[in-house]
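my_file04.csv follows; it contains CSV, C-alpha atoms.
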```csv
chain,number,residue,atom,x,y,z
A,18,MET,CA,0.0,0.0,0.0
A,19,ALA,CA,1.4,3.4,-1.0
A,20,ARG,CA,1.8,6.1,1.6
A,21,ASN,CA,0.9,9.7,0.9
A,22,THR,CA,4.2,11.5,1.5
A,23,ALA,CA,3.1,14.8,0.1
A,24,LYS,CA,4.0,17.6,2.5
A,25,LYS,CA,1.5,20.2,3.4
A,26,PRO,CA,2.8,23.8,3.3
A,27,HIS,CA,2.6,24.3,7.1
A,28,ASP,CA,3.9,20.9,8.4
A,29,PRO,CA,6.8,21.2,10.9
A,30,ALA,CA,10.3,20.6,9.5
A,31,THR,CA,11.4,17.0,9.9
A,32,VAL,CA,14.6,14.9,9.3
A,33,THR,CA,14.6,11.2,8.8
A,34,VAL,CA,16.8,9.4,11.5
A,35,LYS,CA,17.1,5.6,11.3
A,36,GLY,CA,13.9,5.4,9.2
A,37,ARG,CA,11.9,7.6,11.5
A,38,ASP,CA,10.8,11.2,10.9
A,39,MET,CA,11.9,13.5,13.7
A,40,ARG,CA,11.0,17.2,14.1
A,41,LEU,CA,14.0,19.5,14.0
A,42,ARG,CA,12.6,21.1,17.3
A,43,THR,CA,12.9,17.7,19.0
A,44,ILE,CA,16.5,17.2,17.8
A,45,GLY,CA,17.4,20.8,19.0
A,46,PHE,CA,15.8,20.1,22.4
A,47,LEU,CA,17.8,16.9,22.7
A,48,VAL,CA,21.1,18.6,21.8
A,49,VAL,CA,20.4,21.5,24.3
A,50,ALA,CA,19.4,19.0,27.0
A,51,ALA,CA,22.6,17.0,26.5
A,52,LEU,CA,24.8,20.1,26.7
A,53,ALA,CA,23.0,21.2,29.9
A,54,VAL,CA,23.5,17.8,31.6
A,55,TRP,CA,27.2,17.9,30.5
A,56,PHE,CA,27.6,21.5,31.8
A,57,ILE,CA,26.0,20.6,35.1
A,58,ALA,CA,28.1,17.4,35.5
A,59,ALA,CA,31.3,19.4,34.8
A,60,ASN,CA,30.6,22.0,37.5
A,61,THR,CA,30.7,20.2,40.9
A,62,GLY,CA,32.3,22.8,43.2
A,63,SER,CA,30.6,24.5,46.1
A,64,VAL,CA,29.3,28.1,45.8
A,65,THR,CA,27.9,30.6,48.3
A,66,ILE,CA,24.6,32.1,47.4
A,67,ARG,CA,23.0,35.0,49.2
A,68,LEU,CA,19.2,34.8,49.3
A,69,TRP,CA,18.2,38.3,50.5
A,70,ILE,CA,19.0,37.6,54.2
A,71,PRO,CA,20.3,34.0,54.5
A,72,THR,CA,23.5,32.9,52.9
A,73,VAL,CA,23.7,29.2,51.9
A,74,THR,CA,26.6,27.1,50.6
A,75,LEU,CA,25.5,24.5,48.0
A,76,PRO,CA,27.2,22.4,45.3
A,77,LEU,CA,27.1,24.2,42.0
A,78,TRP,CA,25.4,21.2,40.3
A,79,ILE,CA,22.4,21.6,42.6
A,80,VAL,CA,22.1,25.3,41.8
A,81,LEU,CA,22.4,24.7,38.1
A,82,SER,CA,19.9,21.9,38.2
A,83,VAL,CA,17.3,24.0,40.0
A,84,THR,CA,17.9,26.9,37.6
A,85,LEU,CA,17.4,24.5,34.6
A,86,LEU,CA,14.2,23.1,36.1
A,87,VAL,CA,12.7,26.5,36.8
A,88,GLY,CA,13.6,27.6,33.2
A,89,VAL,CA,11.9,24.5,31.8
A,90,LEU,CA,8.8,25.0,33.9
A,91,LEU,CA,8.6,28.7,32.9
A,92,GLY,CA,9.1,27.7,29.2
A,93,LEU,CA,6.3,25.1,29.4
A,94,PHE,CA,4.0,27.6,31.1
A,95,VAL,CA,4.6,30.3,28.4
A,96,ALA,CA,4.2,27.7,25.6
A,97,ARG,CA,0.9,26.5,27.2
A,98,ARG,CA,-0.4,30.1,27.5
A,99,ARG,CA,0.4,30.8,23.8
A,100,ALA,CA,-1.3,27.6,22.7
A,101,GLN,CA,-4.5,28.7,24.5
A,102,ARG,CA,-4.7,32.0,22.6
```

Rendering of file as structure tokens:
Amino acid sequence: MARNTAKKPHDPATVTVKGRDMRLRTIGFLVVAALAVWFIAANTGSVTIRLWIPTVTLPLWIVLSVTLLVGVLLGLFVARRRAQR
């Protein structure tokens, strides 16, 4: 049975990887995620952070992980709000 492979003008950009179509956005996300994990793993020293009044000393990988998590959650929130418009 033949597949209809004609692309519509507004389909997302895709690349074929090992016989599977993958969106370029997905590949970009995976590359950025891998770089973020590598950067976090490479920075393991302790840092002192001042939070208005208290001062805390934490390993840098925890600070970077929390920052990444907050950034991802804010990105998902903004994307969800845009999709609802």

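Our summary of the geometry notes that CA of Ala30 (chain A) is positioned 8.1 Å from CA of Arg42 (chain A).
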
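Here CA of Thr84 (chain A) is placed at a distance of 25.0 Å from CA of Leu41 (chain A).
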
| field | Selection: 8 Å around Thr61 (chain A), all atoms listed in the file, excl. self and same-chain fewer than 5 positions, as a list in words | value | Pro76, Leu77 and Trp78 of chain A

How about saving the chosen residues, C-alpha atoms kept, as a compact mmCIF listing (two decimals), keeping the file's coordinate frame?
```txt
# COMPACT_ATOMS: atom_id res chain seq x y z
CA PRO A 76 27.20 22.40 45.30
CA LEU A 77 27.10 24.20 42.00
CA TRP A 78 25.40 21.20 40.30
```

| query | How many Å lie between CA of Ala100 (chain A) and CA of Val34 (chain A), rounded to one decimal? | reply | 28.0 Å

| query | Of the candidates A:Thr31, A:Gly36, A:Ala50, A:Val95, which one gets nearest to Ser82 (chain A) if we count all atoms listed in the file? | reply | A:Ala50

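For the choices A:Val80, A:Val32, A:Leu75, A:Val89, the atom-to-atom distance to Val49 (chain A) is smallest for A:Val89 when using all atoms listed in the file.
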
The centre and edge lengths of an axis-aligned box containing all atoms of region 86-91 of chain A present in the file, extended by 3 Å on each side, are to be given in Å to one decimal, as JSON.
```
{"center_x": 11.4, "center_y": 25.9, "center_z": 34.3, "size_x": 11.6, "size_y": 11.6, "size_z": 11.0}
```
